[in-house]
>>> print(open('model06.csv').read())   # CSV, C-alpha atoms and all ligand atoms
chain,number,residue,atom,x,y,z
A,950,MET,CA,112.9,100.3,130.6
A,951,LEU,CA,114.0,102.6,127.8
A,952,ASN,CA,112.3,105.9,127.6
A,953,ASN,CA,113.9,107.6,124.6
A,954,PHE,CA,115.3,105.3,121.9
A,955,LEU,CA,116.1,104.8,118.3
A,956,LEU,CA,115.1,101.5,116.8
A,957,LEU,CA,116.0,99.7,113.6
A,958,GLY,CA,113.4,97.2,112.2
A,959,ILE,CA,114.2,94.5,109.6
A,960,GLU,CA,111.5,92.5,107.7
A,961,SER,CA,112.6,89.5,105.6
A,962,SER,CA,109.9,86.9,106.1
A,963,CYS,CA,108.9,86.4,102.5
A,964,ASP,CA,109.4,88.3,99.2
A,965,GLU,CA,110.1,91.9,100.5
A,966,THR,CA,113.2,93.2,102.3
A,967,GLY,CA,112.1,96.1,104.5
A,968,VAL,CA,114.2,98.3,106.8
A,969,ALA,CA,113.0,101.2,108.9
A,970,LEU,CA,114.1,103.5,111.6
A,971,VAL,CA,111.6,104.5,114.4
A,972,GLU,CA,112.2,107.0,117.1
A,973,VAL,CA,110.5,107.0,120.5
A,974,ARG,CA,110.3,109.9,122.9
A,975,ALA,CA,108.8,109.4,126.3
A,976,GLY,CA,105.1,109.9,126.3
A,977,GLN,CA,104.8,110.3,122.6
A,978,ALA,CA,103.7,108.0,119.8
A,979,PRO,CA,106.6,106.3,118.0
A,980,ARG,CA,107.7,108.3,114.9
A,981,LEU,CA,108.9,106.8,111.6
A,982,ARG,CA,112.1,108.5,110.7
A,983,ALA,CA,112.9,106.7,107.5
A,984,GLN,CA,112.1,103.4,105.7
A,985,ALA,CA,113.2,101.6,102.6
A,986,LEU,CA,111.8,98.5,100.8
A,987,HIS,CA,112.9,96.2,98.1
A,988,SER,CA,110.2,94.0,96.5
A,989,GLN,CA,111.3,90.7,94.9
A,990,ILE,CA,108.1,90.5,92.9
A,991,GLU,CA,109.9,90.9,89.5
A,992,MET,CA,112.4,88.2,90.3
A,993,HIS,CA,109.7,85.7,91.3
A,994,GLN,CA,107.4,86.6,88.5
A,995,ALA,CA,109.2,84.2,86.0
A,996,TYR,CA,108.3,81.3,88.3
A,997,GLY,CA,104.7,82.2,89.0
A,998,GLY,CA,105.3,82.4,92.8
A,999,VAL,CA,107.9,82.9,95.5
A,1000,VAL,CA,111.0,80.6,95.2
A,1001,PRO,CA,112.2,80.4,98.8
A,1002,GLU,CA,115.9,79.9,98.0
A,1003,LEU,CA,116.0,82.8,95.6
A,1004,ALA,CA,114.1,84.9,98.2
A,1005,SER,CA,116.8,84.2,100.9
A,1006,ARG,CA,119.6,85.0,98.6
A,1007,ASP,CA,118.1,88.3,97.5
A,1008,HIS,CA,117.4,89.3,101.1
A,1009,ILE,CA,121.2,88.8,101.7
A,1010,ARG,CA,122.0,91.1,98.8
A,1011,ARG,CA,119.5,93.9,99.9
A,1012,VAL,CA,119.4,94.1,103.6
A,1013,LEU,CA,122.7,96.0,104.3
A,1014,PRO,CA,122.3,98.5,101.4
A,1015,LEU,CA,118.7,99.2,102.5
A,1016,THR,CA,120.0,99.7,106.1
A,1017,ARG,CA,122.6,102.2,104.9
A,1018,GLN,CA,120.0,104.0,102.9
A,1019,VAL,CA,117.6,104.3,105.8
A,1020,LEU,CA,120.3,105.6,108.1
A,1021,ALA,CA,121.4,108.1,105.5
A,1022,GLU,CA,117.9,109.4,104.9
A,1023,ALA,CA,117.3,109.8,108.6
A,1024,GLY,CA,120.7,111.5,109.1
A,1025,ALA,CA,121.5,108.8,111.7
A,1026,THR,CA,124.4,106.4,112.3
A,1027,LEU,CA,124.6,102.8,113.4
A,1028,VAL,CA,126.1,103.7,116.8
A,1029,GLU,CA,123.0,105.7,117.7
A,1030,LEU,CA,120.8,102.7,117.5
A,1031,ASP,CA,119.4,101.4,120.9
A,1032,VAL,CA,117.6,98.3,119.7
A,1033,VAL,CA,117.6,96.2,116.5
A,1034,ALA,CA,114.3,94.4,115.8
A,1035,PHE,CA,113.7,91.7,113.2
A,1036,THR,CA,110.9,89.5,112.0
A,1037,ARG,CA,111.3,86.2,113.9
A,1038,GLY,CA,108.3,84.5,112.2
A,1039,PRO,CA,106.1,83.2,110.8
A,1040,GLY,CA,107.5,83.0,107.3
A,1041,LEU,CA,110.0,81.2,105.1
A,1042,ALA,CA,112.8,79.8,107.3
A,1043,GLY,CA,115.7,80.7,105.1
A,1044,ALA,CA,114.4,84.2,104.5
A,1045,LEU,CA,113.7,84.8,108.2
A,1046,LEU,CA,117.3,83.7,109.0
A,1047,VAL,CA,118.7,86.5,106.9
A,1048,GLY,CA,117.0,89.2,108.9
A,1049,ALA,CA,117.6,87.4,112.2
A,1050,GLY,CA,121.3,86.9,111.4
A,1051,VAL,CA,121.9,90.5,110.3
A,1052,ALA,CA,120.0,91.9,113.3
A,1053,CYS,CA,121.9,89.7,115.8
A,1054,ALA,CA,125.3,90.6,114.1
A,1055,LEU,CA,124.4,94.3,114.3
A,1056,GLY,CA,123.3,93.9,117.9
A,1057,ALA,CA,126.5,92.0,118.9
A,1058,ALA,CA,128.8,94.5,117.1
A,1059,LEU,CA,127.1,97.5,118.7
A,1060,GLY,CA,126.5,95.8,122.1
A,1061,LYS,CA,122.8,96.6,121.8
A,1062,PRO,CA,119.8,94.3,122.4
A,1063,VAL,CA,117.8,92.7,119.6
A,1064,MET,CA,114.1,91.9,119.6
A,1065,GLY,CA,112.4,89.1,117.5
A,1066,ILE,CA,109.0,90.4,116.4
A,1067,HIS,CA,105.9,88.4,115.2
A,1068,HIS,CA,105.2,89.3,111.6
A,1069,LEU,CA,101.4,89.4,112.1
A,1070,GLU,CA,101.8,91.6,115.2
A,1071,GLY,CA,103.6,94.0,112.9
A,1072,HIS,CA,100.7,94.0,110.4
A,1073,LEU,CA,98.2,94.3,113.3
A,1074,LEU,CA,99.9,97.4,114.8
A,1075,SER,CA,100.8,99.0,111.4
A,1076,PRO,CA,97.6,101.3,111.5
A,1077,PHE,CA,99.2,103.0,114.5
A,1078,LEU,CA,101.6,104.6,112.0
A,1079,SER,CA,98.7,106.1,110.1
A,1080,ALA,CA,97.3,109.7,110.4
A,1081,ASP,CA,94.2,108.2,112.1
A,1082,PRO,CA,95.6,105.7,114.6
A,1083,PRO,CA,93.1,103.4,116.4
A,1084,GLU,CA,92.6,103.1,120.2
A,1085,PHE,CA,92.4,99.9,122.1
A,1086,PRO,CA,90.4,97.7,122.4
A,1087,PHE,CA,89.4,96.7,118.8
A,1088,VAL,CA,88.6,93.8,116.6
A,1089,ALA,CA,91.3,93.1,114.0
A,1090,LEU,CA,90.7,91.6,110.6
A,1091,LEU,CA,94.1,90.2,109.6
A,1092,VAL,CA,94.2,89.5,105.9
A,1093,SER,CA,97.6,88.7,104.5
A,1094,GLY,CA,98.8,86.2,101.9
A,1095,GLY,CA,98.9,83.3,104.4
A,1096,HIS,CA,96.5,84.3,107.2
A,1097,THR,CA,92.9,85.3,107.5
A,1098,GLN,CA,92.0,85.8,111.2
A,1099,LEU,CA,89.7,87.8,113.4
A,1100,MET,CA,91.2,88.9,116.7
A,1101,ARG,CA,90.1,90.7,119.8
A,1102,VAL,CA,92.9,93.1,120.7
A,1103,ASP,CA,92.9,94.6,124.1
A,1104,ARG,CA,96.4,96.0,124.2
A,1105,VAL,CA,99.9,95.3,122.8
A,1106,GLY,CA,100.4,91.5,123.1
A,1107,ALA,CA,96.9,90.6,124.2
A,1108,TYR,CA,95.5,88.9,121.2
A,1109,GLU,CA,92.5,86.6,121.4
A,1110,MET,CA,91.7,84.6,118.4
A,1111,LEU,CA,88.0,84.9,117.4
A,1112,GLY,CA,88.1,83.1,114.1
A,1113,ASP,CA,90.6,81.6,111.7
A,1114,THR,CA,90.6,80.1,108.2
A,1115,ILE,CA,90.2,76.3,108.2
A,1116,ASP,CA,92.0,76.0,104.8
A,1117,ASP,CA,93.1,78.8,102.4
A,1118,ALA,CA,93.6,82.4,103.4
A,1119,ALA,CA,91.7,85.2,101.6
A,1120,GLY,CA,95.0,86.4,100.0
A,1121,GLU,CA,95.6,82.9,98.8
A,1122,ALA,CA,92.0,82.8,97.3
A,1123,PHE,CA,92.9,86.0,95.4
A,1124,ASP,CA,96.3,84.7,94.3
A,1125,LYS,CA,95.2,81.2,93.3
A,1126,SER,CA,92.1,82.4,91.4
A,1127,ALA,CA,94.2,85.0,89.6
A,1128,LYS,CA,96.8,82.3,88.7
A,1129,LEU,CA,94.2,80.0,87.1
A,1130,MET,CA,92.9,83.0,85.1
A,1131,GLY,CA,96.4,83.6,83.9
A,1132,LEU,CA,96.9,86.9,85.7
A,1133,GLY,CA,100.4,86.1,87.1
A,1134,TYR,CA,101.9,86.7,90.5
A,1135,PRO,CA,101.1,88.3,92.8
A,1136,GLY,CA,97.5,87.8,91.7
A,1137,GLY,CA,95.6,89.8,94.3
A,1138,PRO,CA,96.2,93.3,92.9
A,1139,ALA,CA,96.0,92.1,89.3
A,1140,LEU,CA,92.6,90.4,90.0
A,1141,ALA,CA,91.3,93.5,91.8
A,1142,ARG,CA,92.3,95.7,88.9
A,1143,LEU,CA,90.6,93.5,86.3
A,1144,ALA,CA,87.5,93.2,88.5
A,1145,GLU,CA,86.9,96.9,88.2
A,1146,GLN,CA,85.8,96.3,84.6
A,1147,GLY,CA,83.6,93.3,85.3
A,1148,ASN,CA,80.2,92.5,86.6
A,1149,PRO,CA,80.3,91.1,90.2
A,1150,ALA,CA,76.9,89.4,89.8
A,1151,ALA,CA,77.9,87.6,86.5
A,1152,PHE,CA,78.7,84.3,88.2
A,1153,ALA,CA,77.1,82.9,91.3
A,1154,LEU,CA,80.1,81.8,93.4
A,1155,PRO,CA,79.9,80.3,96.9
A,1156,ARG,CA,80.3,82.4,100.1
A,1157,PRO,CA,82.0,79.7,102.2
A,1158,LEU,CA,80.9,79.5,105.9
A,1159,LEU,CA,78.9,82.7,105.6
A,1160,HIS,CA,76.2,81.3,107.9
A,1161,SER,CA,78.3,79.0,110.0
A,1162,GLY,CA,77.5,80.8,113.2
A,1163,ASN,CA,81.1,81.2,114.2
A,1164,HIS,CA,83.9,83.5,113.0
A,1165,ASP,CA,85.9,81.0,111.0
A,1166,PHE,CA,86.7,81.2,107.3
A,1167,SER,CA,87.1,78.8,104.4
A,1168,PHE,CA,88.2,79.7,100.9
A,1169,ALA,CA,89.4,76.5,99.4
A,1170,GLY,CA,85.9,75.7,98.0
A,1171,LEU,CA,85.7,79.1,96.4
A,1172,LYS,CA,88.9,78.6,94.5
A,1173,THR,CA,87.6,75.2,93.2
A,1174,ALA,CA,84.3,76.9,92.2
A,1175,VAL,CA,86.3,79.5,90.2
A,1176,LEU,CA,88.3,76.7,88.6
A,1177,THR,CA,85.1,74.9,87.6
A,1178,GLN,CA,83.6,78.0,86.2
A,1179,ALA,CA,86.8,78.8,84.2
A,1180,LYS,CA,86.7,75.3,82.8
A,1181,LYS,CA,83.0,75.6,81.9
A,1182,LEU,CA,83.7,78.8,80.0
A,1183,GLY,CA,86.5,77.2,78.0
A,1184,PRO,CA,87.7,79.6,75.2
A,1185,GLU,CA,85.0,82.0,76.3
A,1186,LEU,CA,87.0,82.7,79.4
A,1187,ALA,CA,89.2,85.1,77.4
A,1188,THR,CA,86.2,87.6,77.0
A,1189,ARG,CA,84.6,86.9,80.4
A,1190,LYS,CA,87.7,87.2,82.6
A,1191,ALA,CA,86.8,90.6,84.1
A,1192,ASP,CA,83.3,89.2,85.0
A,1193,LEU,CA,84.9,86.2,86.7
A,1194,ALA,CA,87.4,88.4,88.5
A,1195,ALA,CA,84.7,90.7,89.7
A,1196,SER,CA,82.5,87.8,90.9
A,1197,THR,CA,85.5,86.2,92.7
A,1198,GLN,CA,86.4,89.5,94.4
A,1199,ALA,CA,82.7,90.1,95.4
A,1200,ALA,CA,82.5,86.6,97.1
A,1201,ILE,CA,85.7,87.1,99.1
A,1202,VAL,CA,84.8,90.6,100.1
A,1203,GLU,CA,81.3,89.7,101.2
A,1204,VAL,CA,82.6,86.9,103.4
A,1205,LEU,CA,85.2,89.2,105.0
A,1206,VAL,CA,82.8,92.0,105.6
A,1207,LYS,CA,80.0,89.8,107.1
A,1208,LYS,CA,82.4,87.9,109.3
A,1209,SER,CA,84.0,91.1,110.6
A,1210,LEU,CA,80.5,92.5,111.4
A,1211,GLY,CA,79.7,89.2,113.2
A,1212,ALA,CA,82.9,89.5,115.4
A,1213,LEU,CA,82.1,93.1,116.2
A,1214,LYS,CA,78.6,92.2,117.2
A,1215,ALA,CA,79.7,89.3,119.4
A,1216,THR,CA,82.4,91.3,121.2
A,1217,GLY,CA,80.3,94.5,121.5
A,1218,LEU,CA,83.4,96.4,120.3
A,1219,THR,CA,82.9,99.5,118.1
A,1220,ARG,CA,86.3,99.7,116.4
A,1221,LEU,CA,87.7,97.6,113.6
A,1222,VAL,CA,91.3,97.5,112.4
A,1223,VAL,CA,92.1,96.0,109.0
A,1224,ALA,CA,95.7,94.9,108.3
A,1225,GLY,CA,97.7,92.8,105.9
A,1226,GLY,CA,98.1,92.8,102.1
A,1227,VAL,CA,94.4,92.2,101.3
A,1228,GLY,CA,93.6,95.3,103.4
A,1229,ALA,CA,94.7,97.3,100.3
A,1230,ASN,CA,91.8,96.0,98.4
A,1231,ARG,CA,89.5,98.9,97.3
A,1232,LEU,CA,86.2,97.0,97.3
A,1233,LEU,CA,86.9,95.6,100.7
A,1234,ARG,CA,87.6,99.1,102.1
A,1235,SER,CA,84.5,100.7,100.5
A,1236,GLU,CA,82.2,97.8,101.6
A,1237,LEU,CA,83.6,97.8,105.2
A,1238,ASN,CA,83.4,101.6,105.4
A,1239,ALA,CA,79.8,101.6,104.3
A,1240,ALA,CA,78.7,98.7,106.5
A,1241,CYS,CA,80.5,100.1,109.6
A,1242,ALA,CA,79.3,103.6,109.0
A,1243,ARG,CA,75.7,102.3,109.2
A,1244,ARG,CA,76.5,100.7,112.6
A,1245,GLY,CA,78.5,103.5,114.2
A,1246,ILE,CA,81.7,101.5,113.9
A,1247,ARG,CA,85.1,103.2,113.2
A,1248,VAL,CA,87.4,101.4,110.8
A,1249,HIS,CA,91.1,101.9,110.7
A,1250,TYR,CA,93.6,100.9,108.0
A,1251,PRO,CA,97.3,101.2,107.6
A,1252,GLU,CA,98.5,103.7,105.0
A,1253,LEU,CA,98.3,102.0,101.6
A,1254,ASP,CA,102.1,101.5,101.3
A,1255,LEU,CA,102.2,99.9,104.7
A,1256,CYS,CA,99.5,97.3,104.0
A,1257,THR,CA,101.9,94.8,102.4
A,1258,ASP,CA,105.1,93.7,104.1
A,1259,ASN,CA,107.5,96.4,105.2
A,1260,GLY,CA,110.2,97.2,107.8
A,1261,ALA,CA,108.2,100.1,109.4
A,1262,MET,CA,105.6,97.7,110.9
A,1263,ILE,CA,108.3,95.6,112.5
A,1264,ALA,CA,110.0,98.6,114.0
A,1265,MET,CA,106.7,99.9,115.2
A,1266,ALA,CA,105.6,96.7,116.9
A,1267,ALA,CA,109.0,96.6,118.7
A,1268,ALA,CA,108.6,100.2,119.7
A,1269,MET,CA,105.1,99.7,121.0
A,1270,ARG,CA,106.2,96.6,122.9
A,1271,LEU,CA,109.0,98.5,124.6
A,1272,GLN,CA,106.6,101.4,125.4
A,1273,ALA,CA,104.3,98.8,127.0
A,1274,GLY,CA,107.1,97.7,129.3
A,1275,ALA,CA,108.8,94.8,127.4
A,1276,GLN,CA,112.2,94.0,128.6
A,1277,VAL,CA,115.1,94.2,126.1
A,1278,ALA,CA,117.5,91.9,127.9
A,1279,ASP,CA,118.0,89.8,124.8
A,1280,THR,CA,121.7,90.1,124.2
A,1281,ALA,CA,122.3,86.4,123.8
A,1282,TYR,CA,122.0,86.8,120.0
A,1283,ALA,CA,120.7,83.3,119.7
A,1284,PHE,CA,118.8,83.8,116.5
A,1285,ASP,CA,116.1,81.1,116.4
A,1286,VAL,CA,113.3,81.9,113.9
A,1287,LYS,CA,109.8,80.5,114.1
A,1288,PRO,CA,108.5,79.7,110.6
A,1289,ARG,CA,105.2,78.7,112.2
A,1290,TRP,CA,104.1,80.8,115.1
A,1291,PRO,CA,100.4,81.4,116.2
A,1292,LEU,CA,99.8,85.1,117.1
A,1293,ASP,CA,97.6,84.3,120.0
A,1294,THR,CA,100.5,82.6,121.8
A,1295,LEU,CA,102.2,86.0,122.3
A,1296,VAL,CA,102.0,87.5,125.8
A,1297,ALA,CA,101.5,91.1,126.7
A,1298,ALA,CA,104.6,93.0,127.8
A,1299,ALA,CA,103.3,94.2,131.1
B,1301,LIG,O1,100.6,90.9,104.1
B,1301,LIG,P1,101.2,90.6,102.8
B,1301,LIG,O2,102.0,91.6,102.0
B,1301,LIG,O3,102.1,89.3,102.9
B,1301,LIG,C1,101.9,88.3,103.8
B,1301,LIG,O4,102.3,88.5,105.0
B,1301,LIG,O5,101.4,87.3,103.3
B,1301,LIG,O6,100.0,90.1,101.8
B,1301,LIG,C2,100.1,89.7,100.5
B,1301,LIG,C3,98.8,89.3,100.0
B,1301,LIG,C4,98.8,88.6,98.7
B,1301,LIG,O7,98.0,87.4,98.7
B,1301,LIG,C5,98.3,89.6,97.7
B,1301,LIG,O8,97.7,89.1,96.5
B,1301,LIG,C6,97.3,90.3,98.5
B,1301,LIG,O9,97.9,90.4,99.8
B,1301,LIG,N1,97.0,91.7,98.0
B,1301,LIG,C7,95.8,92.0,97.5
B,1301,LIG,C8,95.8,93.4,97.1
B,1301,LIG,N2,97.1,93.8,97.4
B,1301,LIG,C9,97.8,92.8,97.9
B,1301,LIG,N3,94.6,91.3,97.4
B,1301,LIG,C10,93.5,91.9,96.9
B,1301,LIG,N4,93.5,93.2,96.5
B,1301,LIG,C11,94.6,94.0,96.6
B,1301,LIG,N5,94.6,95.2,96.2
B,1302,ZN,ZN,102.8,90.1,105.7
>>> encode(input="model06.csv", output="structure tokens", more="lines below")
Ligand code: KG4
Ligand code: ZN
Amino acid sequence: MLNNFLLLGIESSCDETGVALVEVRAGQAPRLRAQALHSQIEMHQAYGGVVPELASRDHIRRVLPLTRQVLAEAGATLVELDVVAFTRGPGLAGALLVGAGVACALGAALGKPVMGIHHLEGHLLSPFLSADPPEFPFVALLVSGGHTQLMRVDRVGAYEMLGDTIDDAAGEAFDKSAKLMGLGYPGGPALARLAEQGNPAAFALPRPLLHSGNHDFSFAGLKTAVLTQAKKLGPELATRKADLAASTQAAIVEVLVKKSLGALKATGLTRLVVAGGVGANRLLRSELNAACARRGIRVHYPELDLCTDNGAMIAMAAAMRLQAGAQVADTAYAFDVKPRWPLDTLVAAA
């Protein structure tokens, strides 16, 4: 097992190219030496959503310049790298292949091992890069654009699924509601901004599966209710948009908070980790903080800039896997990606 090592992480699963350099010293927490990110948001905006082929091509354009930038910022060189990590899945197949291809090419050229990392494991472990890192075990609320899951996390690689969405993810509910209100892409942050000027009690929207007795989510019905409400408003929507945005956000946040509390109660754990893009939502943070403070539960978040996709979380997940005893014998450079890949099928390193 490696004790001291320098690790490059590459993220290219969707619409952000992220590269980061993480350093590990024996017995110490991994340290982020440098990171760089290119968001494709502007490019996809004209189409109202991510165009997979354009995403792949843009990753190709960005990944090497970003790698050079990260190495220069850290004052490091390629030959000093010990491991190259990349996002193996889940995500867009073509986009994933760019990161996998570059990582394997670098690994082969340098004679160094590569590690394929689960994108959601990256999100899940990203709070370990924050000033207030969590301790195991904890309940994790994973809220990204495509996933809404509650997990019991006992250590690196030991992820037990407690609840999942049976249809849309919370991020999707934000994005789709925003789209039908004409707020563009990505809708989550735009809807959240507009919601600050609205009345969250203006419209009674459903809280799907709130009292289902399990930890599962469903957001497809909420999106339909928002659409119905928007149609009912007709031209009046123009002046009521902030109210509809605030009501939508309130419904999503209430479900996320109550379900998280339910999972904490069921497991008896007293720590909650929130990760993924929706974890940047201010109302979600303030409601979770208030509810958890009342119950003596500690909540941990990634730094705001590490909530959405980035290379640092991929490098960090690889570093933590190695520290937990994972083998880095993968020098076959057979880059298979996994566009679909359930997180709870991962195994602990040791
Ligand atoms: O984790 P992420 O960057 O990408 C995936 O792995 O999917 O999450 C992106 C999602 C999008 O649905 C976006 O609208 C949402 O996170 N998001 C937000 C906020 N910032 C990002 N949703 C609500 N409020 C925000 N402030
Ligand atoms: Zn993500």
>>> residues_around(input="model06.csv", residues="Leu1069 in chain A", least_positions_apart="6", cutoff="10 Å", atoms="all atoms listed in the file", output="list in words")
Thr1036, Gly1038, Pro1039, Ser1075, Leu1091, Val1092, Ser1093, His1096, Ala1224, Gly1225, Asp1258, Met1262, Ile1263, Ala1266, Trp1290, Pro1291 and Leu1292 of chain A
>>> atom_distance(input="model06.csv", atom1="CA of Gln1272 in chain A", atom2="CA of Gly976 in chain A")
8.7 Å
>>> closest_atom_pairs(input="model06.csv", of="chain A", to="ligand LIG 1301 (chain B)", cutoff="7 Å", atoms="all atoms listed in the file", output="JSON lines")
{"residue": "A:Val1092", "atom": "CA", "partner": "B:LIG1301", "partner_atom": "O1", "distance": 6.8}
{"residue": "A:Ser1093", "atom": "CA", "partner": "B:LIG1301", "partner_atom": "O1", "distance": 3.7}
{"residue": "A:Gly1094", "atom": "CA", "partner": "B:LIG1301", "partner_atom": "O5", "distance": 3.2}
{"residue": "A:Gly1095", "atom": "CA", "partner": "B:LIG1301", "partner_atom": "O5", "distance": 4.8}
{"residue": "A:His1096", "atom": "CA", "partner": "B:LIG1301", "partner_atom": "O5", "distance": 6.9}
{"residue": "A:Gly1120", "atom": "CA", "partner": "B:LIG1301", "partner_atom": "O7", "distance": 3.4}
{"residue": "A:Glu1121", "atom": "CA", "partner": "B:LIG1301", "partner_atom": "O7", "distance": 5.1}
{"residue": "A:Phe1123", "atom": "CA", "partner": "B:LIG1301", "partner_atom": "O8", "distance": 5.8}
{"residue": "A:Asp1124", "atom": "CA", "partner": "B:LIG1301", "partner_atom": "O8", "distance": 5.1}
{"residue": "A:Pro1135", "atom": "CA", "partner": "B:LIG1301", "partner_atom": "O8", "distance": 5.1}
{"residue": "A:Gly1136", "atom": "CA", "partner": "B:LIG1301", "partner_atom": "O8", "distance": 5.0}
{"residue": "A:Gly1137", "atom": "CA", "partner": "B:LIG1301", "partner_atom": "O8", "distance": 3.1}
{"residue": "A:Pro1138", "atom": "CA", "partner": "B:LIG1301", "partner_atom": "C11", "distance": 4.1}
{"residue": "A:Ala1141", "atom": "CA", "partner": "B:LIG1301", "partner_atom": "N4", "distance": 5.2}
{"residue": "A:Gly1225", "atom": "CA", "partner": "B:LIG1301", "partner_atom": "O1", "distance": 3.9}
{"residue": "A:Gly1226", "atom": "CA", "partner": "B:LIG1301", "partner_atom": "O6", "distance": 3.3}
{"residue": "A:Val1227", "atom": "CA", "partner": "B:LIG1301", "partner_atom": "N3", "distance": 4.0}
{"residue": "A:Gly1228", "atom": "CA", "partner": "B:LIG1301", "partner_atom": "C8", "distance": 6.9}
{"residue": "A:Ala1229", "atom": "CA", "partner": "B:LIG1301", "partner_atom": "N5", "distance": 4.6}
{"residue": "A:Asn1230", "atom": "CA", "partner": "B:LIG1301", "partner_atom": "N5", "distance": 3.6}
{"residue": "A:Arg1231", "atom": "CA", "partner": "B:LIG1301", "partner_atom": "N5", "distance": 6.4}
{"residue": "A:Cys1256", "atom": "CA", "partner": "B:LIG1301", "partner_atom": "O1", "distance": 6.5}
{"residue": "A:Thr1257", "atom": "CA", "partner": "B:LIG1301", "partner_atom": "O2", "distance": 3.2}
{"residue": "A:Asp1258", "atom": "CA", "partner": "B:LIG1301", "partner_atom": "O2", "distance": 4.3}
>>> atom_distance(input="model06.csv", atom1="CA of Gly1170 in chain A", atom2="CA of Pro1157 in chain A")
7.0 Å
>>> atom_distance(input="model06.csv", atom1="CA of Leu1027 in chain A", atom2="CA of Ala1267 in chain A")
17.6 Å
>>> closest_residue(input="model06.csv", among="A:Ala1261, A:Ala975, A:Ala1281, A:Leu1295", to="ligand ZN 1302 (chain B)", atoms="all atoms listed in the file")
A:Ala1261
>>> residues_near_point(input="model06.csv", point="(106.4, 106.3, 114.2)", cutoff="12 Å", atoms="all atoms listed in the file", output="PyMOL selection string")
chain A and resi 954-958+969-974+977-984+1074-1080+1082+1260-1269
>>> closest_residue(input="model06.csv", among="A:Leu1233, A:Ala1004, A:Leu1182, A:Val1286", to="Ser988 in chain A", atoms="only C-alpha atoms")
A:Ala1004
>>> residues_near_point(input="model06.csv", point="(89.6, 80.9, 100.2)", cutoff="6 Å", atoms="all atoms listed in the file", output="ChimeraX atom specification")
/A:1117-1119,1122,1167-1169,1171
>>> closest_residue(input="model06.csv", among="A:Thr1177, A:Pro1288, A:Phe1085, A:Leu1099", to="Leu1046 in chain A", atoms="all atoms listed in the file")
A:Pro1288
>>> closest_residue(input="model06.csv", among="A:Ala1144, A:Met1110, A:Leu1255, A:Leu1237", to="ligand ZN 1302 (chain B)", atoms="all atoms listed in the file")
A:Leu1255
>>> closest_residue(input="model06.csv", among="A:Val1032, A:Asp1081, A:Pro1155, A:Ala1174", to="Arg1247 in chain A", atoms="only C-alpha atoms")
A:Asp1081
>>> closest_residue(input="model06.csv", among="A:Gly1040, A:Pro1184, A:Pro1001, A:Pro1149", to="ligand ZN 1302 (chain B)", atoms="only C-alpha atoms and all ligand atoms")
A:Gly1040
>>> residues_around(input="model06.csv", residues="Glu1236 in chain A", least_positions_apart="6", cutoff="10 Å", atoms="all atoms listed in the file", output="PDB file with C-alpha atoms, keeping the file's coordinate frame")
ATOM      1  CA  ALA A1199      82.700  90.100  95.400  1.00  0.00           C
ATOM      2  CA  VAL A1202      84.800  90.600 100.100  1.00  0.00           C
ATOM      3  CA  GLU A1203      81.300  89.700 101.200  1.00  0.00           C
ATOM      4  CA  LEU A1205      85.200  89.200 105.000  1.00  0.00           C
ATOM      5  CA  VAL A1206      82.800  92.000 105.600  1.00  0.00           C
ATOM      6  CA  LYS A1207      80.000  89.800 107.100  1.00  0.00           C
ATOM      7  CA  ALA A1242      79.300 103.600 109.000  1.00  0.00           C
TER       8      ALA A1242
END
